[in-house]
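Dropping protein.txt in here (compact mmCIF, C-alpha atoms and all ligand atoms):
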# COMPACT_ATOMS: atom_id res chain seq x y z
CA MET A 1 4.77 -4.43 -27.16
CA ASN A 2 3.33 -3.52 -30.57
CA SER A 3 2.03 -0.06 -31.41
CA GLU A 4 -1.58 -0.92 -30.60
CA LYS A 5 -2.10 -0.15 -26.93
CA THR A 6 -3.47 -2.88 -24.76
CA GLY A 7 -3.80 -2.58 -21.05
CA PHE A 8 -3.82 -5.28 -18.44
CA PHE A 9 -6.99 -6.66 -17.01
CA ILE A 10 -6.64 -8.32 -13.62
CA SER A 11 -9.47 -9.64 -11.47
CA PHE A 12 -9.59 -10.77 -7.85
CA GLU A 13 -11.83 -13.56 -6.67
CA GLY A 14 -12.48 -15.39 -3.43
CA ASN A 15 -14.97 -15.66 -0.62
CA ASP A 16 -16.21 -12.63 1.29
CA GLY A 17 -13.45 -11.66 3.72
CA SER A 18 -10.65 -13.47 1.86
CA GLY A 19 -8.73 -10.21 1.41
CA LYS A 20 -9.59 -9.05 -2.10
CA THR A 21 -10.02 -5.36 -1.32
CA THR A 22 -6.84 -5.33 0.79
CA GLN A 23 -4.77 -6.92 -1.97
CA ILE A 24 -6.26 -4.77 -4.73
CA ARG A 25 -5.26 -1.65 -2.82
CA LEU A 26 -1.69 -2.93 -2.41
CA LEU A 27 -1.39 -3.99 -6.05
CA ALA A 28 -2.82 -0.69 -7.34
CA GLN A 29 -0.28 1.23 -5.20
CA TRP A 30 2.50 -0.92 -6.61
CA PHE A 31 1.45 -0.28 -10.22
CA GLU A 32 1.11 3.45 -9.53
CA SER A 33 4.60 3.54 -8.02
CA ARG A 34 5.78 2.18 -11.36
CA GLY A 35 4.04 4.96 -13.21
CA ARG A 36 1.08 2.98 -14.56
CA ALA A 37 -2.47 4.35 -14.73
CA VAL A 38 -4.67 2.04 -12.68
CA LEU A 39 -8.42 1.77 -12.56
CA GLN A 40 -9.88 0.00 -9.52
CA LEU A 41 -13.37 -1.35 -10.10
CA ARG A 42 -15.82 -3.50 -8.21
CA GLU A 43 -18.60 -5.87 -9.14
CA PRO A 44 -21.46 -5.63 -8.99
CA GLY A 45 -21.22 -1.90 -9.63
CA GLY A 46 -18.43 0.27 -10.97
CA THR A 47 -20.83 2.41 -13.04
CA PRO A 48 -23.79 4.57 -11.93
CA ILE A 49 -26.24 2.02 -13.37
CA GLY A 50 -24.24 -0.90 -12.02
CA GLU A 51 -24.24 0.60 -8.52
CA LYS A 52 -28.07 0.74 -8.64
CA VAL A 53 -28.12 -2.91 -9.70
CA ARG A 54 -25.72 -3.63 -6.83
CA ASP A 55 -28.16 -2.06 -4.38
CA ILE A 56 -30.93 -4.37 -5.61
CA LEU A 57 -28.69 -7.43 -5.44
CA LEU A 58 -27.23 -6.84 -1.99
CA ASP A 59 -30.31 -5.35 -0.30
CA ASN A 60 -31.54 -7.68 2.45
CA ALA A 61 -35.05 -6.63 1.40
CA SER A 62 -34.49 -8.47 -1.90
CA SER A 63 -35.18 -11.83 -0.24
CA GLY A 64 -37.06 -14.20 -2.53
CA MET A 65 -34.99 -13.22 -5.56
CA GLU A 66 -34.95 -16.09 -8.05
CA PRO A 67 -31.47 -17.49 -8.80
CA VAL A 68 -31.96 -16.76 -12.51
CA THR A 69 -32.95 -13.16 -11.73
CA GLU A 70 -29.83 -12.84 -9.59
CA MET A 71 -27.63 -14.24 -12.35
CA MET A 72 -29.08 -11.80 -14.87
CA LEU A 73 -28.71 -8.77 -12.62
CA TYR A 74 -25.03 -9.56 -12.10
CA ALA A 75 -24.68 -9.95 -15.86
CA ALA A 76 -26.52 -6.65 -16.44
CA SER A 77 -24.14 -4.78 -14.15
CA ARG A 78 -21.22 -6.47 -15.93
CA ALA A 79 -22.53 -5.57 -19.39
CA GLN A 80 -22.57 -1.88 -18.44
CA LEU A 81 -19.14 -2.04 -16.79
CA THR A 82 -17.38 -3.79 -19.67
CA ARG A 83 -18.78 -1.55 -22.38
CA THR A 84 -18.55 1.83 -20.69
CA VAL A 85 -15.44 1.40 -18.52
CA ILE A 86 -13.31 -1.72 -19.00
CA THR A 87 -13.06 -1.87 -22.79
CA PRO A 88 -12.25 1.87 -23.14
CA ALA A 89 -9.67 1.71 -20.33
CA LEU A 90 -7.89 -1.28 -21.89
CA LYS A 91 -7.83 0.53 -25.23
CA ARG A 92 -6.08 3.46 -23.50
CA GLY A 93 -3.50 1.03 -22.16
CA ASP A 94 -4.52 1.31 -18.52
CA VAL A 95 -4.29 -1.37 -15.87
CA VAL A 96 -7.78 -2.44 -14.82
CA ILE A 97 -8.13 -4.22 -11.49
CA CYS A 98 -11.58 -5.58 -10.83
CA ASP A 99 -12.89 -6.75 -7.45
CA ARG A 100 -14.81 -9.80 -8.74
CA PHE A 101 -15.70 -10.49 -12.38
CA VAL A 102 -17.35 -13.32 -14.32
CA ASP A 103 -15.72 -16.09 -12.23
CA SER A 104 -17.85 -14.88 -9.31
CA SER A 105 -20.95 -15.70 -11.34
CA TYR A 106 -19.64 -19.18 -12.05
CA ALA A 107 -18.76 -19.74 -8.39
CA TYR A 108 -21.83 -18.20 -6.75
CA GLN A 109 -24.62 -18.61 -9.28
CA GLY A 110 -23.24 -21.65 -11.14
CA PHE A 111 -22.03 -23.64 -8.13
CA GLY A 112 -23.57 -21.83 -5.14
CA ARG A 113 -27.09 -21.56 -6.54
CA GLY A 114 -26.70 -24.68 -8.66
CA LEU A 115 -27.57 -23.04 -11.99
CA GLY A 116 -24.66 -24.83 -13.65
CA MET A 117 -21.76 -23.62 -15.74
CA GLU A 118 -23.48 -23.74 -19.14
CA THR A 119 -26.33 -21.44 -18.16
CA VAL A 120 -24.02 -18.93 -16.52
CA GLN A 121 -21.68 -19.03 -19.49
CA ALA A 122 -24.49 -18.49 -22.01
CA VAL A 123 -25.79 -15.41 -20.22
CA ASN A 124 -22.35 -13.95 -19.60
CA LEU A 125 -21.06 -14.43 -23.11
CA VAL A 126 -23.01 -11.37 -24.14
CA ALA A 127 -22.25 -9.49 -20.88
CA ILE A 128 -18.46 -9.54 -21.00
CA ASP A 129 -18.07 -7.71 -24.33
CA GLY A 130 -15.28 -10.11 -25.30
CA GLN A 131 -13.23 -9.17 -22.26
CA MET A 132 -11.65 -11.78 -20.03
CA PRO A 133 -9.03 -10.97 -17.41
CA HIS A 134 -5.45 -11.65 -18.46
CA LEU A 135 -4.84 -12.79 -14.91
CA THR A 136 -7.16 -13.69 -12.05
CA PHE A 137 -6.14 -14.13 -8.44
CA PHE A 138 -8.22 -16.51 -6.38
CA LEU A 139 -7.55 -15.74 -2.74
CA ASP A 140 -8.05 -19.18 -1.33
CA LEU A 141 -9.44 -18.95 2.18
CA ASP A 142 -12.10 -21.45 3.22
CA ALA A 143 -15.65 -20.18 3.50
CA ASP A 144 -15.88 -20.42 7.28
CA THR A 145 -12.63 -18.59 8.04
CA SER A 146 -13.43 -15.97 5.39
CA MET A 147 -16.83 -15.32 6.92
CA ALA A 148 -15.36 -15.08 10.42
CA ARG A 149 -12.84 -12.51 9.14
CA ARG A 150 -15.56 -10.62 7.30
CA ASN A 151 -17.76 -10.56 10.39
CA ALA A 152 -14.87 -9.31 12.55
CA SER A 153 -14.71 -6.21 10.34
CA GLY A 154 -17.98 -5.11 11.99
CA THR A 155 -19.87 -4.01 8.86
CA GLU A 156 -23.46 -5.20 8.44
CA ALA A 157 -23.87 -8.33 6.30
CA ASP A 158 -25.62 -7.93 2.92
CA ARG A 159 -28.15 -10.34 1.34
CA LEU A 160 -25.47 -12.60 -0.18
CA GLU A 161 -23.28 -12.58 2.91
CA ASN A 162 -26.34 -13.58 4.95
CA GLU A 163 -26.83 -16.74 2.87
CA GLU A 164 -26.38 -20.09 4.62
CA MET A 165 -22.79 -21.26 5.03
CA ASP A 166 -23.31 -24.16 2.61
CA PHE A 167 -23.86 -21.61 -0.17
CA HIS A 168 -20.48 -20.04 0.58
CA ARG A 169 -18.85 -23.47 0.86
CA ARG A 170 -20.21 -24.49 -2.57
CA ALA A 171 -18.88 -21.22 -4.03
CA HIS A 172 -15.45 -21.97 -2.56
CA ASP A 173 -15.53 -25.49 -4.04
CA GLY A 174 -16.57 -23.87 -7.31
CA TYR A 175 -13.55 -21.59 -7.26
CA LEU A 176 -11.25 -24.59 -6.82
CA ALA A 177 -12.86 -26.29 -9.82
CA LEU A 178 -12.67 -23.11 -11.93
CA CYS A 179 -9.03 -22.69 -11.02
CA ALA A 180 -8.20 -26.23 -12.14
CA ALA A 181 -10.06 -25.74 -15.44
CA SER A 182 -8.74 -22.24 -16.23
CA GLY A 183 -5.62 -23.24 -18.14
CA GLY A 184 -3.43 -21.17 -15.84
CA ARG A 185 -5.37 -17.89 -16.00
CA ILE A 186 -6.58 -18.21 -12.42
CA LYS A 187 -3.75 -18.23 -9.90
CA ARG A 188 -4.65 -19.78 -6.59
CA ILE A 189 -3.10 -17.76 -3.78
CA PRO A 190 -3.30 -19.62 -0.47
CA VAL A 191 -4.21 -17.23 2.32
CA MET A 192 -3.22 -19.69 5.05
CA THR A 193 -0.02 -21.63 5.64
CA GLY A 194 -1.37 -24.59 7.56
CA LEU A 195 -3.33 -23.04 10.42
CA VAL A 196 -1.58 -19.67 10.23
CA GLN A 197 -2.86 -16.71 8.19
CA ARG A 198 -0.20 -15.24 5.96
CA THR A 199 0.43 -11.53 6.35
CA GLN A 200 -0.96 -9.05 3.83
CA GLU A 201 2.57 -8.37 2.61
CA GLU A 202 3.39 -12.06 2.08
CA VAL A 203 0.26 -12.49 -0.01
CA ALA A 204 1.00 -9.27 -1.90
CA LEU A 205 4.53 -10.41 -2.78
CA GLU A 206 3.27 -13.67 -4.27
CA ILE A 207 0.72 -11.73 -6.34
CA ARG A 208 3.40 -9.31 -7.59
CA ASP A 209 5.55 -12.20 -8.77
CA PHE A 210 2.75 -13.40 -11.03
CA VAL A 211 2.15 -9.85 -12.28
CA LEU A 212 5.85 -9.42 -13.07
CA ASP A 213 5.68 -12.64 -15.11
CA LEU A 214 2.73 -11.24 -17.04
CA LEU A 215 4.48 -7.92 -17.68
CA SER A 216 7.68 -9.50 -18.97
N1 LIG A 301 -3.33 -11.25 5.35
C1 LIG A 301 -4.27 -10.88 6.24
N2 LIG A 301 -4.16 -11.30 7.52
C2 LIG A 301 -5.12 -10.97 8.41
N3 LIG A 301 -6.19 -10.21 8.15
C3 LIG A 301 -6.34 -9.75 6.91
C4 LIG A 301 -5.38 -10.06 5.87
N4 LIG A 301 -5.79 -9.48 4.72
C5 LIG A 301 -6.95 -8.85 5.02
N5 LIG A 301 -7.28 -8.99 6.33
C6 LIG A 301 -8.47 -8.48 7.02
O1 LIG A 301 -9.56 -9.34 6.70
C7 LIG A 301 -10.76 -8.58 6.51
C8 LIG A 301 -11.31 -8.84 5.12
O2 LIG A 301 -10.38 -8.32 4.15
P1 LIG A 301 -10.90 -7.59 2.83
O3 LIG A 301 -11.94 -6.58 3.16
O4 LIG A 301 -9.70 -7.15 2.08
O5 LIG A 301 -11.57 -8.85 2.14
P2 LIG A 301 -12.60 -8.88 0.91
O6 LIG A 301 -12.31 -10.17 0.23
O7 LIG A 301 -12.50 -7.64 0.14
O8 LIG A 301 -13.96 -8.98 1.68
P3 LIG A 301 -15.43 -8.55 1.14
O9 LIG A 301 -15.85 -9.65 0.24
O10 LIG A 301 -16.24 -8.52 2.43
O11 LIG A 301 -15.31 -7.23 0.47
C9 LIG A 301 -10.39 -7.13 6.74
O12 LIG A 301 -10.73 -6.79 8.06
C10 LIG A 301 -8.88 -7.10 6.54
O13 LIG A 301 -8.25 -6.07 7.26
MG MG A 302 -13.95 -6.26 -0.43

Transcribe the structure of this file into structure tokens.
Amino acid sequence: MNSEKTGFFISFEGNDGSGKTTQIRLLAQWFESRGRAVLQLREPGGTPIGEKVRDILLDNASSGMEPVTEMMLYAASRAQLTRTVITPALKRGDVVICDRFVDSSYAYQGFGRGLGMETVQAVNLVAIDGQMPHLTFFLDLDADTSMARRNASGTEADRLENEEMDFHRRAHDGYLALCAASGGRIKRIPVMTGLVQRTQEEVALEIRDFVLDLLS
């Protein structure tokens, strides 16, 4: 590596319940065991202002929110996170692992809400502060199985999770399309082998292989 420090920016994407948080925890532990400083972030949120925006977005009382309003609130949270946390951390040379990033806006607002890729891209161009993940893992678990797994966890569903299943199915289709168009940045990690769910460790090992490729 040259003398200018650059960290690694990795994001995790996938439907609610696909295993993002689980895999981020495992990957962060792995990096730490190798002596790397790791920052785990989540979207929306990750900053004091972003967490307030998150509350507005996920609050079930925010029913009636216009899709464009929703898109802009996600972008607002992202603008704060990139500028105050992600860009400085990457300059320090840290590993940044983000639970959702701009691909979520493409999948959920672009495809799910039907706002389209161009609109989401235009708004997010200014939000991302020039940062795109070096590597993105799309945990590919269909919308229905993901939601069943999410619901089994027992926590109360937020405004987005309470959306009709077709919204989640469109987002999943969106992820597949994004993956195909990403030029290799987005790695699709199947969560199922046929009808069987892969174990957390199996999924983690596949993810680590891609990370090792990136590091070398
Ligand atoms: N490989 C796996 N096999 C079976 N269950 C799993 C696996 N990975 C995660 N889980 C379980 O599935 C549920 C959802 O996982 P997790 O919270 O990591 O997903 P998530 O994508 O972060 O979901 P959310 O979008 O709700 O935050 C949890 O109860 C978790 O313990
Ligand atoms: Mg999670």

Residues within 9 Å of ligand LIG 301 (chain A) (only C-alpha atoms and all ligand atoms), as a compact mmCIF listing (two decimals) with C-alpha atoms, keeping the file's coordinate frame?
# COMPACT_ATOMS: atom_id res chain seq x y z
CA PHE A 12 -9.59 -10.77 -7.85
CA GLU A 13 -11.83 -13.56 -6.67
CA GLY A 14 -12.48 -15.39 -3.43
CA ASN A 15 -14.97 -15.66 -0.62
CA ASP A 16 -16.21 -12.63 1.29
CA GLY A 17 -13.45 -11.66 3.72
CA SER A 18 -10.65 -13.47 1.86
CA GLY A 19 -8.73 -10.21 1.41
CA LYS A 20 -9.59 -9.05 -2.10
CA THR A 21 -10.02 -5.36 -1.32
CA THR A 22 -6.84 -5.33 0.79
CA GLN A 23 -4.77 -6.92 -1.97
CA ILE A 24 -6.26 -4.77 -4.73
CA ARG A 25 -5.26 -1.65 -2.82
CA ASP A 99 -12.89 -6.75 -7.45
CA LEU A 139 -7.55 -15.74 -2.74
CA SER A 146 -13.43 -15.97 5.39
CA MET A 147 -16.83 -15.32 6.92
CA ALA A 148 -15.36 -15.08 10.42
CA ARG A 149 -12.84 -12.51 9.14
CA ARG A 150 -15.56 -10.62 7.30
CA ASN A 151 -17.76 -10.56 10.39
CA ALA A 152 -14.87 -9.31 12.55
CA SER A 153 -14.71 -6.21 10.34
CA GLY A 154 -17.98 -5.11 11.99
CA THR A 155 -19.87 -4.01 8.86
CA ALA A 157 -23.87 -8.33 6.30
CA GLU A 161 -23.28 -12.58 2.91
CA VAL A 191 -4.21 -17.23 2.32
CA MET A 192 -3.22 -19.69 5.05
CA GLN A 197 -2.86 -16.71 8.19
CA ARG A 198 -0.20 -15.24 5.96
CA THR A 199 0.43 -11.53 6.35
CA GLN A 200 -0.96 -9.05 3.83
CA GLU A 201 2.57 -8.37 2.61
CA GLU A 202 3.39 -12.06 2.08
CA VAL A 203 0.26 -12.49 -0.01
CA ALA A 204 1.00 -9.27 -1.90

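Relative to atom CA of A:Leu135, atom CA of A:Ile49 is found at 26.1 Å.
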
Discussion item. Using all atoms listed in the file, which protein or nucleic acid residues come within 12 Å of A:Asp173? Drop anything in the same chain fewer than 5 positions from it, and give the result as an NGL selection string.
Written reply: :A and (14-15 or 106-108 or 110-112 or 138 or 140-143 or 166-168 or 178-180)

Output file for the residues above (C-alpha atoms, as a CSV table (one decimal), in the coordinates of the input):
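Now in again-v8.csv:
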chain,number,residue,atom,x,y,z
A,14,GLY,CA,-12.5,-15.4,-3.4
A,15,ASN,CA,-15.0,-15.7,-0.6
A,106,TYR,CA,-19.6,-19.2,-12.0
A,107,ALA,CA,-18.8,-19.7,-8.4
A,108,TYR,CA,-21.8,-18.2,-6.8
A,110,GLY,CA,-23.2,-21.6,-11.1
A,111,PHE,CA,-22.0,-23.6,-8.1
A,112,GLY,CA,-23.6,-21.8,-5.1
A,138,PHE,CA,-8.2,-16.5,-6.4
A,140,ASP,CA,-8.0,-19.2,-1.3
A,141,LEU,CA,-9.4,-19.0,2.2
A,142,ASP,CA,-12.1,-21.4,3.2
A,143,ALA,CA,-15.6,-20.2,3.5
A,166,ASP,CA,-23.3,-24.2,2.6
A,167,PHE,CA,-23.9,-21.6,-0.2
A,168,HIS,CA,-20.5,-20.0,0.6
A,178,LEU,CA,-12.7,-23.1,-11.9
A,179,CYS,CA,-9.0,-22.7,-11.0
A,180,ALA,CA,-8.2,-26.2,-12.1

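With atom CA of A:Val53 on one side and atom CA of A:Gly93 on the other, the separation reads 27.9 Å.
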
Figure out the distance between atom CA of A:Cys98 and atom CA of A:Ile56, please, to one decimal in Å.
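It comes out at 20.1 Å.
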
Query - Option closest in space to A:Arg159, from A:Arg78, A:Arg54, A:Arg92, A:Arg188 [counting only C-alpha atoms] - result: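 Checking each of A:Arg78, A:Arg54, A:Arg92, A:Arg188 against A:Arg159, counting only C-alpha atoms, the winner is A:Arg54.
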
Using only C-alpha atoms, the shortest atom-to-atom distance to A:Arg36 among A:Ile10, A:Asp209, A:Asp94, A:Ala75 belongs to A:Asp94
